[in-house]
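Note: the block below is query.txt and it holds compact mmCIF, C-alpha atoms.
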```
# COMPACT_ATOMS: atom_id res chain seq x y z
CA MET A 1 146.99 127.39 92.63
CA PRO A 2 147.20 123.60 93.23
CA ILE A 3 146.69 121.23 90.28
CA LYS A 4 143.65 119.69 92.01
CA THR A 5 141.92 123.09 92.15
CA ILE A 6 142.72 123.79 88.49
CA VAL A 7 141.29 120.42 87.39
CA HIS A 8 138.21 120.99 89.56
CA THR A 9 137.66 124.48 88.08
CA LEU A 10 138.01 123.13 84.53
CA LYS A 11 135.39 120.50 85.40
CA LEU A 12 133.08 123.33 86.47
CA LEU A 13 133.81 125.14 83.19
CA LEU A 14 133.02 122.19 80.93
CA PRO A 15 129.18 122.42 81.22
CA ALA A 16 129.47 126.06 80.10
CA LEU A 17 131.49 125.17 76.99
CA ILE A 18 129.29 122.18 76.09
CA PRO A 19 125.92 123.14 77.63
CA SER A 20 122.96 120.80 77.92
CA TRP A 21 120.34 123.61 77.54
CA ARG A 22 117.67 121.56 79.35
CA PHE A 23 115.93 124.56 80.95
CA PHE A 24 112.89 123.54 83.02
CA GLY A 25 112.80 120.11 81.32
CA VAL A 26 111.55 118.60 84.56
CA ILE A 27 110.11 120.65 87.42
CA ALA A 28 112.06 119.38 90.42
CA PRO A 29 111.05 119.79 94.09
CA SER A 30 111.63 123.42 94.98
CA PRO A 31 113.63 124.48 98.06
CA ARG A 32 112.79 127.17 100.60
CA ILE A 33 115.27 128.26 103.24
CA GLU A 34 113.89 128.74 106.74
CA PHE A 35 115.81 129.84 109.82
CA THR A 36 115.41 130.11 113.54
CA LEU A 37 117.26 132.22 116.13
CA LEU A 38 118.30 130.76 119.46
CA GLU A 39 119.39 132.23 122.78
CA THR A 40 121.76 129.37 123.56
CA ILE A 41 123.40 126.63 121.54
CA GLU A 42 121.23 123.97 123.21
CA ALA A 43 117.91 125.82 123.00
CA PRO A 44 115.21 123.89 121.07
CA SER A 45 114.30 125.15 117.58
CA VAL A 46 110.66 126.15 117.70
CA THR A 47 109.79 129.08 115.44
CA TRP A 48 110.99 128.86 111.84
CA LYS A 49 110.78 131.85 109.47
CA GLU A 50 111.21 131.81 105.70
CA PHE A 51 114.36 133.62 104.63
CA ARG A 52 113.56 136.46 102.21
CA PRO A 53 109.92 135.62 101.41
CA ARG A 54 108.67 137.04 98.12
CA PRO A 55 106.78 140.35 98.18
CA GLU A 56 103.01 140.12 97.62
CA THR A 57 103.21 142.29 94.49
CA ILE A 58 105.79 144.13 92.39
CA SER A 59 105.01 147.37 90.58
CA VAL A 60 105.84 147.83 86.90
CA ILE A 61 108.43 150.46 87.82
CA ASP A 62 110.14 148.03 90.20
CA MET A 63 110.11 145.39 87.49
CA LEU A 64 111.89 147.78 85.13
CA LYS A 65 114.39 148.75 87.83
CA ARG A 66 115.11 145.06 88.42
CA MET A 67 116.23 144.73 84.81
CA PHE A 68 119.33 146.71 85.81
CA TRP A 69 119.60 146.23 89.57
CA ASN A 70 118.47 142.98 91.15
CA PRO A 71 121.27 141.84 93.51
CA ARG A 72 119.12 140.52 96.36
CA TRP A 73 116.98 138.38 94.07
CA ASN A 74 120.01 137.01 92.21
CA GLU A 75 121.66 136.21 95.53
CA SER A 76 118.47 134.40 96.59
CA LEU A 77 118.58 132.37 93.35
CA PHE A 78 122.19 131.48 94.15
CA LEU A 79 121.04 130.26 97.57
CA VAL A 80 118.42 128.10 95.82
CA SER A 81 121.31 126.55 93.83
CA CYS A 82 123.24 126.03 97.09
CA ALA A 83 120.21 124.33 98.64
CA GLU A 84 119.88 122.01 95.62
CA ARG A 85 123.63 121.30 95.68
CA LEU A 86 123.42 120.53 99.39
CA MET A 87 120.91 117.78 98.59
CA GLU A 88 122.65 116.37 95.52
CA ASN A 89 126.27 116.61 96.64
CA PRO A 90 126.62 118.04 100.17
CA THR A 91 129.62 120.29 100.66
CA GLU A 92 130.64 122.71 103.38
CA HIS A 93 130.76 125.44 100.72
CA SER A 94 127.00 125.30 100.03
CA ARG A 95 126.16 125.14 103.74
CA ASN A 96 128.47 128.05 104.59
CA GLU A 97 127.17 130.21 101.74
CA ILE A 98 123.61 129.87 103.07
CA PHE A 99 124.65 130.43 106.65
CA ASN A 100 126.83 133.47 105.86
CA CYS A 101 124.12 135.07 103.77
CA ILE A 102 121.47 134.73 106.50
CA GLY A 103 124.01 135.72 109.17
CA ASN A 104 125.13 138.85 107.30
CA GLU A 105 121.57 140.05 107.07
CA LEU A 106 120.78 139.36 110.74
CA LYS A 107 123.99 140.99 111.99
CA GLN A 108 122.57 144.39 111.00
CA ASP A 109 120.19 144.19 113.96
CA ALA A 110 122.36 144.77 117.06
CA ILE A 111 119.59 144.02 119.60
CA LEU A 112 118.63 140.77 117.88
CA LYS A 113 122.29 139.77 117.65
CA LYS A 114 122.75 140.26 121.40
CA ARG A 115 119.50 138.55 122.46
CA THR A 116 119.63 135.54 120.09
CA PRO A 117 123.22 135.04 118.92
CA TYR A 118 122.70 131.51 117.54
CA LEU A 119 121.28 130.60 114.17
CA GLN A 120 120.06 127.41 112.58
CA PHE A 121 118.58 126.94 109.11
CA ARG A 122 116.61 124.18 107.44
CA LEU A 123 115.71 123.33 103.86
CA VAL A 124 112.07 122.68 103.11
CA PHE A 125 111.26 121.24 99.70
CA LEU A 126 107.90 121.80 98.00
CA ASP A 127 106.69 119.18 95.57
CA ARG A 128 103.44 118.26 93.84
CA GLN A 129 102.03 114.79 94.45
CA ASP A 130 98.93 114.26 92.30
CA SER A 131 97.15 117.59 92.73
CA GLU A 132 98.47 118.55 96.18
CA ILE A 133 101.57 120.50 97.13
CA HIS A 134 103.57 118.75 99.82
CA LYS A 135 106.17 120.34 102.08
CA ARG A 136 109.02 118.22 103.44
CA THR A 137 111.93 119.24 105.64
CA ILE A 138 114.93 117.51 104.12
CA TYR A 139 117.87 119.13 105.90
CA ILE A 140 118.52 120.82 109.24
CA SER A 141 121.85 122.59 109.70
CA PRO A 142 124.03 122.58 112.80
CA VAL A 143 123.65 125.57 115.13
CA TYR A 144 126.05 128.47 114.41
CA ARG A 145 126.95 131.61 116.30
CA TYR A 146 126.17 134.16 113.60
CA SER A 147 127.29 137.18 115.59
CA GLU A 148 130.90 136.08 115.08
CA ASP A 149 132.87 136.14 111.85
CA ALA A 150 131.69 134.42 108.72
CA VAL A 151 131.98 130.64 108.50
CA SER A 152 134.56 129.43 105.99
CA MET Z 1 126.93 141.55 58.82
CA SER Z 2 130.72 141.18 58.56
CA LEU Z 3 132.66 139.00 61.00
CA ASP Z 4 134.64 141.97 62.35
CA PHE Z 5 131.48 143.99 62.99
CA ALA Z 6 129.75 141.02 64.68
CA ILE Z 7 132.79 140.47 66.92
CA ARG Z 8 132.89 144.16 67.87
CA LEU Z 9 129.15 144.18 68.66
CA THR Z 10 129.60 141.05 70.79
CA GLU Z 11 132.41 142.75 72.72
CA ILE Z 12 130.22 145.78 73.43
CA LEU Z 13 127.09 143.82 74.44
CA LEU Z 14 129.08 141.34 76.53
CA GLY Z 15 130.92 144.20 78.21
CA PHE Z 16 127.64 145.91 79.14
CA ALA Z 17 126.14 142.63 80.42
CA PHE Z 18 129.23 142.08 82.60
CA ILE Z 19 129.14 145.66 83.89
CA GLN Z 20 125.52 145.11 84.99
CA GLN Z 21 126.48 141.85 86.75
CA CYS Z 22 129.56 143.43 88.40
CA ILE Z 23 127.58 146.38 89.79
CA GLU Z 24 125.24 143.87 91.50
CA HIS Z 25 128.19 142.03 93.04
CA LEU Z 26 129.94 145.20 94.23
CA TRP Z 27 126.95 145.54 96.61
CA ALA Z 28 127.79 142.16 98.15
CA SER Z 29 130.38 140.97 100.70
CA ARG Z 30 134.01 142.05 100.62
CA ASN Z 31 135.48 138.85 99.15
CA GLU Z 32 133.27 139.24 96.10
CA LYS Z 33 134.44 142.81 95.51
CA ILE Z 34 138.03 141.57 95.11
CA LEU Z 35 136.89 139.56 92.09
CA PHE Z 36 134.25 141.85 90.64
CA PHE Z 37 135.97 145.22 90.80
CA PRO Z 38 138.74 144.11 88.38
CA ARG Z 39 136.06 142.47 86.25
CA PHE Z 40 134.20 145.77 86.13
CA ILE Z 41 137.33 147.60 84.91
CA LEU Z 42 138.07 144.92 82.31
CA SER Z 43 134.44 145.02 81.09
CA VAL Z 44 134.63 148.79 80.59
CA SER Z 45 137.85 148.20 78.67
CA LEU Z 46 136.06 145.61 76.49
CA VAL Z 47 133.25 148.05 75.71
CA LEU Z 48 135.77 150.74 74.78
CA GLY Z 49 137.64 148.29 72.54
CA PHE Z 50 140.93 148.63 74.38
CA GLU Z 51 143.29 145.66 73.71
CA THR Z 52 140.28 143.37 73.43
CA GLN Z 53 142.39 140.26 72.82
CA TRP Z 54 144.18 140.53 76.18
CA THR Z 55 141.19 142.02 77.97
CA SER Z 56 139.05 139.03 77.01
CA LEU Z 57 141.82 136.63 78.10
CA ALA Z 58 142.03 138.37 81.48
CA LEU Z 59 138.23 138.14 81.77
CA VAL Z 60 138.36 134.39 81.06
CA LEU Z 61 140.97 133.88 83.81
CA LEU Z 62 138.94 135.99 86.21
CA GLY Z 63 135.84 134.03 85.16
CA LEU Z 64 137.58 130.81 86.26
CA LEU Z 65 138.38 132.34 89.66
CA ILE Z 66 134.73 133.41 90.03
CA LEU Z 67 133.58 129.92 89.03
CA ASN Z 68 135.85 128.53 91.73
CA ARG Z 69 134.68 131.09 94.31
CA PHE Z 70 131.04 130.02 93.92
CA GLN Z 71 131.89 126.37 93.18
CA GLY Z 72 129.86 126.59 89.98
CA PRO Z 73 127.80 129.22 88.20
CA TYR Z 74 126.42 131.94 90.47
CA ASN Z 75 123.37 132.52 88.32
CA GLY Z 76 122.84 129.14 86.60
CA GLY Z 77 122.23 129.30 82.86
CA SER Z 78 123.04 132.99 82.50
CA ASP Z 79 126.54 132.51 83.97
CA ARG Z 80 127.09 129.49 81.75
CA MET Z 81 126.09 131.55 78.71
CA SER Z 82 128.40 134.37 79.91
CA LEU Z 83 131.35 131.98 80.04
CA LEU Z 84 130.47 130.41 76.70
CA ILE Z 85 130.31 133.78 74.91
CA LEU Z 86 133.47 135.00 76.66
CA CYS Z 87 135.50 131.87 75.84
CA CYS Z 88 134.31 131.86 72.20
CA LEU Z 89 135.08 135.58 71.86
CA CYS Z 90 138.53 135.17 73.39
CA LEU Z 91 139.38 132.16 71.20
CA THR Z 92 138.09 133.98 68.10
CA LEU Z 93 140.33 136.96 68.84
CA PHE Z 94 143.39 134.70 69.23
CA MET Z 95 142.77 132.58 66.12
CA PRO Z 96 145.49 133.09 63.47
CA THR Z 97 143.27 132.82 60.36
CA GLN Z 98 139.82 134.07 59.40
CA ALA Z 99 138.66 130.48 58.72
CA ALA Z 100 139.57 129.47 62.27
CA GLN Z 101 137.88 132.60 63.62
CA GLU Z 102 134.71 131.74 61.72
CA LEU Z 103 134.78 128.20 63.09
CA VAL Z 104 134.90 129.36 66.72
CA PHE Z 105 132.40 132.19 66.27
CA GLY Z 106 130.14 129.77 64.35
CA TYR Z 107 130.24 127.44 67.37
CA LEU Z 108 128.79 130.26 69.50
CA SER Z 109 125.94 130.81 67.01
CA LEU Z 110 125.27 127.07 66.89
CA GLN Z 111 125.02 126.96 70.69
CA LEU Z 112 122.61 129.91 70.64
CA VAL Z 113 120.32 128.02 68.24
CA LEU Z 114 120.63 124.88 70.39
CA SER Z 115 119.82 126.87 73.54
CA TYR Z 116 116.32 127.40 72.15
CA PHE Z 117 115.86 124.18 70.15
CA ILE Z 118 116.98 121.72 72.87
CA SER Z 119 114.91 123.57 75.50
CA GLY Z 120 111.89 123.19 73.21
CA TRP Z 121 112.68 119.53 72.51
CA VAL Z 122 112.91 118.51 76.19
CA LYS Z 123 109.59 120.26 76.80
CA ILE Z 124 107.67 118.69 73.92
CA THR Z 125 108.85 115.21 74.88
CA ASN Z 126 107.55 115.75 78.43
CA PRO Z 127 103.76 115.10 78.74
CA GLU Z 128 103.58 117.49 81.72
CA TRP Z 129 104.72 120.36 79.47
CA ARG Z 130 102.31 119.33 76.72
CA ASN Z 131 99.30 119.43 79.06
CA GLY Z 132 100.39 122.60 80.87
CA GLN Z 133 101.10 120.92 84.22
CA ALA Z 134 104.83 121.78 84.21
CA LEU Z 135 104.28 125.52 83.73
CA ASP Z 136 101.49 125.35 86.33
CA ASP Z 137 104.09 123.89 88.75
CA VAL Z 138 106.59 126.66 87.90
CA PHE Z 139 104.05 129.30 88.90
CA ARG Z 140 102.42 127.39 91.78
CA TYR Z 141 105.36 126.28 93.89
CA SER Z 142 108.76 126.83 92.22
CA ALA Z 143 111.21 129.34 93.70
CA TYR Z 144 111.10 131.52 90.57
CA PRO Z 145 107.98 133.75 90.60
CA ALA Z 146 109.25 137.16 91.74
CA SER Z 147 106.07 137.98 93.70
CA GLU Z 148 103.29 135.97 95.33
CA SER Z 149 100.72 137.60 93.03
CA PHE Z 150 102.35 135.93 89.99
CA ARG Z 151 101.43 132.55 91.49
CA SER Z 152 97.80 133.27 90.58
CA PHE Z 153 98.70 132.52 86.92
CA ALA Z 154 98.51 128.88 88.02
CA ASP Z 155 94.75 129.35 88.60
CA ARG Z 156 94.22 130.08 84.90
CA PRO Z 157 94.72 126.67 83.22
CA ARG Z 158 93.73 127.79 79.73
CA LEU Z 159 96.25 130.65 79.77
CA ILE Z 160 98.93 128.32 81.18
CA LEU Z 161 98.30 125.82 78.36
CA ILE Z 162 98.54 128.55 75.71
CA MET Z 163 101.74 129.90 77.30
CA SER Z 164 103.26 126.39 77.46
CA TRP Z 165 102.61 125.72 73.77
CA ALA Z 166 103.73 129.22 72.75
CA VAL Z 167 107.08 128.63 74.47
CA ILE Z 168 107.47 125.10 73.06
CA LEU Z 169 106.62 126.10 69.48
CA PHE Z 170 108.76 129.23 69.55
CA GLU Z 171 111.78 127.30 70.87
CA LEU Z 172 111.38 124.43 68.40
CA LEU Z 173 110.81 126.69 65.39
CA PHE Z 174 113.67 129.08 66.17
CA PRO Z 175 116.19 127.30 63.83
CA ALA Z 176 113.74 127.85 60.92
CA THR Z 177 114.06 131.62 61.34
CA LEU Z 178 117.62 131.35 59.98
CA LEU Z 179 116.28 131.04 56.41
CA THR Z 180 116.18 134.78 55.74
CA GLN Z 181 117.55 137.85 57.48
CA SER Z 182 114.04 139.25 58.02
CA THR Z 183 112.70 136.06 59.64
CA LEU Z 184 115.79 135.88 61.84
CA ILE Z 185 115.32 139.45 63.03
CA ILE Z 186 111.66 138.70 63.81
CA GLY Z 187 112.76 135.52 65.62
CA LEU Z 188 115.31 137.43 67.68
CA ILE Z 189 112.74 140.11 68.62
CA ILE Z 190 110.37 137.35 69.82
CA ALA Z 191 113.27 135.68 71.67
CA ALA Z 192 114.25 138.94 73.38
CA THR Z 193 110.61 139.53 74.35
CA PHE Z 194 110.53 136.02 75.82
CA HIS Z 195 113.64 136.77 77.94
CA LEU Z 196 112.16 140.12 78.95
CA THR Z 197 108.98 138.38 80.14
CA ASN Z 198 111.09 135.89 82.13
CA ALA Z 199 112.99 138.80 83.64
CA CYS Z 200 109.76 140.50 84.72
CA LEU Z 201 107.96 137.39 86.04
CA PHE Z 202 110.89 135.44 87.46
CA GLY Z 203 113.49 138.16 88.08
CA LEU Z 204 115.91 136.59 85.58
CA ASN Z 205 117.36 139.93 84.44
CA ARG Z 206 120.83 138.59 83.69
CA PHE Z 207 119.48 136.10 81.13
CA PHE Z 208 118.02 138.97 79.10
CA TRP Z 209 121.28 140.93 78.82
CA ILE Z 210 123.57 137.98 78.23
CA TRP Z 211 121.44 136.31 75.55
CA LEU Z 212 121.37 139.63 73.66
CA ALA Z 213 125.17 139.49 73.60
CA ALA Z 214 125.04 136.25 71.58
CA TYR Z 215 122.70 137.65 68.90
CA PRO Z 216 125.39 139.30 66.69
CA SER Z 217 126.96 135.85 66.17
CA ILE Z 218 123.74 134.39 64.75
CA LEU Z 219 123.12 137.46 62.57
CA TRP Z 220 126.64 137.01 61.18
CA LEU Z 221 126.18 133.25 60.62
CA GLN Z 222 122.89 133.76 58.78
CA TYR Z 223 124.58 136.26 56.47
CA ARG Z 224 127.60 133.97 56.04
CA ILE Z 225 125.48 130.97 55.02
CA PHE Z 226 122.53 132.48 53.17
CA GLY Z 227 123.86 135.90 52.17
CA ALA Z 228 121.46 138.81 52.50
CA ILE Z 229 118.36 136.77 51.56
```

Structure re-expressed in structure tokens:
Amino acid sequence: MPIKTIVHTLKLLLPALIPSWRFFGVIAPSPRIEFTLLETIEAPSVTWKEFRPRPETISVIDMLKRMFWNPRWNESLFLVSCAERLMENPTEHSRNEIFNCIGNELKQDAILKKRTPYLQFRLVFLDRQDSEIHKRTIYISPVYRYSEDAVS
Amino acid sequence: MSLDFAIRLTEILLGFAFIQQCIEHLWASRNEKILFFPRFILSVSLVLGFETQWTSLALVLLGLLILNRFQGPYNGGSDRMSLLILCCLCLTLFMPTQAAQELVFGYLSLQLVLSYFISGWVKITNPEWRNGQALDDVFRYSAYPASESFRSFADRPRLILIMSWAVILFELLFPATLLTQSTLIIGLIIAATFHLTNACLFGLNRFFWIWLAAYPSILWLQYRIFGAI
């Protein structure tokens, strides 16, 4: 492993060894990931859908199950972190993680994959200004061909 | 609680928390399985008490690879707490004297206390937490509520205000529970209930399991400082 990677990893470790513990100190603008599917790389992006919208309700039994098994939700929280990182300190890693996650889920649908093989995502941030919730699109990704291998 | 017993309990609880996390990752893409399958085996080994010194060291090294894979914590605060407990446990097991072991394990307990106290402090110094607006925002538009129906909590301002102050006061008063063993146990039960509520409302299940793993250290520290008062 190169020295640069080791130093970088130790920098990532430091906040765990000396944590700030400032949970929810300030409620920052909150990201939502939306995506659109395109037939060609040049097709205009028209219809955006929220990626993994929350269910309307959750039963008590599901809540208890989620104490032990909650991979989709934890992955979604990781994508929220990636979206925040993409705004604070944009890296290809954060962008690729979001793209690969959406792409992996869409690849399951063979018909969809054949009809609309291109994918684009955007980050919409929700924020309160006075008493109203405002929605702003802060980032639009390049168009990817999700039916191919993962982006890395 | 003796130091040896507290360390053993930490190994078991940490091992179980890691097993739960690993099982979730084994569901994910192939490149995650490469990291989380060995972690699963090592976590089982930690629970069983097999060569815990070397097992914990291997888990730390694997933890660094995982940190690098996700370019930071995968699950925010819960991953940071996982690494903190793991590094403290590993260092404790490698320390040559009991005094040095106590110093490292004591650092973990201190961080546990700070995890509540500092969180409470940043909230009470923020006017939006004091008037309930911040918690209203969490429910109304943050990414955390696990279902849309939980957002309706934001339409109950009185309840939100009570919840905000309950959280602030509990977090700020947590260090005071160290005075006696009984108050500490009550404090830890309230703390665990708080994490359980967060797990149910916001889907933060990993926080619940990993914070439990730090509790033996504070039970030991209380006994070490105040005896069995």

Query raised in the report: Near stretch 33-48 of chain Z, within 12 Å and counting all atoms listed in the file, which residues show up once chain neighbours fewer than 4 positions away are dropped, as a count of residues only?
Result: 46

Requested in this report: Would you list the contacts of A:Glu42 as number ranges by chain, taking every protein, DNA or RNA residue within 12 Å and counting all atoms listed in the file, but skipping same-chain residues closer than 5 positions in sequence?
Outcome: A: 37, 118-120, 142-145

**Report entry** Protein/DNA/RNA residues near (120.2, 125.1, 104.1), cut 8 Å, all atoms listed in the file, as a ChimeraX atom specification
**Finding:** /A:33-34,82-83,86,94-95,98-99,121-123,139-141

Query - chain A contacts on chain Z, all atoms listed in the file, 6 Å, as an NGL selection string - result: :Z and (24 or 68 or 72 or 74 or 80 or 84 or 115 or 119 or 122-123 or 142 or 147-149 or 200 or 205)

Query raised in the report: Just how far from atom CA of A:Gln129 is atom CA of Z:Asn131, in Å to one decimal?
Result: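 Rounded to one decimal, the two atoms are 16.3 Å apart.
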
**Report entry** atom CA of Z:Phe50 to atom CA of Z:Leu91, straight-line distance in Å
**Finding:**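 Atom CA of Z:Phe50 lies at a distance of 16.8 Å from atom CA of Z:Leu91.
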
Query raised in the report: Any idea what the distance is between atom CA of Z:Pro145 and atom CA of Z:Met163?
Result: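 Atom CA of Z:Pro145 sits 15.2 Å away from atom CA of Z:Met163.
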
Supply stretch 19-28 of chain A as a short mmCIF file (atom, residue, chain, number, x, y, z; two decimals), keeping the file's coordinate frame, with all heavy atoms built in where the input has gaps.
```cif
data_model
loop_
_atom_site.label_atom_id
_atom_site.label_comp_id
_atom_site.auth_asym_id
_atom_site.auth_seq_id
_atom_site.Cartn_x
_atom_site.Cartn_y
_atom_site.Cartn_z
N PRO A 19 127.12 123.09 76.76
CA PRO A 19 125.92 123.14 77.63
C PRO A 19 124.88 122.11 77.24
O PRO A 19 124.83 121.66 76.09
CB PRO A 19 125.36 124.55 77.39
CG PRO A 19 126.34 125.25 76.50
CD PRO A 19 127.18 124.22 75.83
N SER A 20 124.03 121.77 78.21
CA SER A 20 122.96 120.80 77.92
C SER A 20 121.68 121.52 77.48
O SER A 20 120.86 120.95 76.78
CB SER A 20 122.67 119.93 79.14
OG SER A 20 121.97 120.68 80.11
N TRP A 21 121.51 122.76 77.88
CA TRP A 21 120.34 123.61 77.54
C TRP A 21 119.01 122.97 77.89
O TRP A 21 118.03 123.17 77.19
CB TRP A 21 120.34 123.98 76.05
CG TRP A 21 121.54 124.68 75.55
CD1 TRP A 21 122.30 124.31 74.49
CD2 TRP A 21 122.14 125.91 76.04
NE1 TRP A 21 123.33 125.20 74.31
CE2 TRP A 21 123.25 126.19 75.24
CE3 TRP A 21 121.83 126.77 77.11
CZ2 TRP A 21 124.06 127.29 75.45
CZ3 TRP A 21 122.65 127.87 77.32
CH2 TRP A 21 123.74 128.12 76.49
N ARG A 22 118.94 122.22 78.98
CA ARG A 22 117.67 121.56 79.35
C ARG A 22 116.92 122.40 80.38
O ARG A 22 116.63 121.94 81.49
CB ARG A 22 117.94 120.15 79.89
CG ARG A 22 118.66 119.27 78.88
CD ARG A 22 119.05 117.95 79.50
NE ARG A 22 117.89 117.11 79.72
CZ ARG A 22 117.36 116.31 78.81
NH1 ARG A 22 117.90 116.23 77.62
NH2 ARG A 22 116.30 115.59 79.09
N PHE A 23 116.62 123.67 80.01
CA PHE A 23 115.93 124.56 80.95
C PHE A 23 114.52 124.05 81.27
O PHE A 23 113.74 123.81 80.35
CB PHE A 23 115.79 125.98 80.37
CG PHE A 23 117.10 126.68 80.22
CD1 PHE A 23 117.47 127.22 78.99
CD2 PHE A 23 117.98 126.83 81.27
CE1 PHE A 23 118.67 127.88 78.83
CE2 PHE A 23 119.18 127.48 81.13
CZ PHE A 23 119.53 128.01 79.90
N PHE A 24 114.23 123.90 82.55
CA PHE A 24 112.89 123.54 83.02
C PHE A 24 112.35 122.27 82.35
O PHE A 24 111.14 122.14 82.16
CB PHE A 24 111.89 124.69 82.78
CG PHE A 24 112.13 125.91 83.63
CD1 PHE A 24 112.72 127.04 83.10
CD2 PHE A 24 111.77 125.91 84.97
CE1 PHE A 24 112.95 128.17 83.88
CE2 PHE A 24 111.99 127.04 85.76
CZ PHE A 24 112.58 128.17 85.21
N GLY A 25 113.25 121.36 81.94
CA GLY A 25 112.80 120.11 81.32
C GLY A 25 111.89 119.34 82.27
O GLY A 25 110.84 118.86 81.90
N VAL A 26 112.33 119.25 83.51
CA VAL A 26 111.55 118.60 84.56
C VAL A 26 111.44 119.59 85.72
O VAL A 26 112.42 120.26 86.05
CB VAL A 26 112.26 117.31 85.05
CG1 VAL A 26 111.54 116.70 86.24
CG2 VAL A 26 112.38 116.30 83.91
N ILE A 27 110.26 119.73 86.30
CA ILE A 27 110.11 120.65 87.42
C ILE A 27 110.41 119.87 88.71
O ILE A 27 109.59 119.07 89.17
CB ILE A 27 108.70 121.29 87.46
CG1 ILE A 27 108.32 121.85 86.06
CG2 ILE A 27 108.61 122.39 88.52
CD1 ILE A 27 109.28 122.86 85.45
N ALA A 28 111.59 120.12 89.24
CA ALA A 28 112.06 119.38 90.42
C ALA A 28 111.45 119.98 91.69
O ALA A 28 110.96 121.11 91.68
CB ALA A 28 113.58 119.47 90.47
#
```
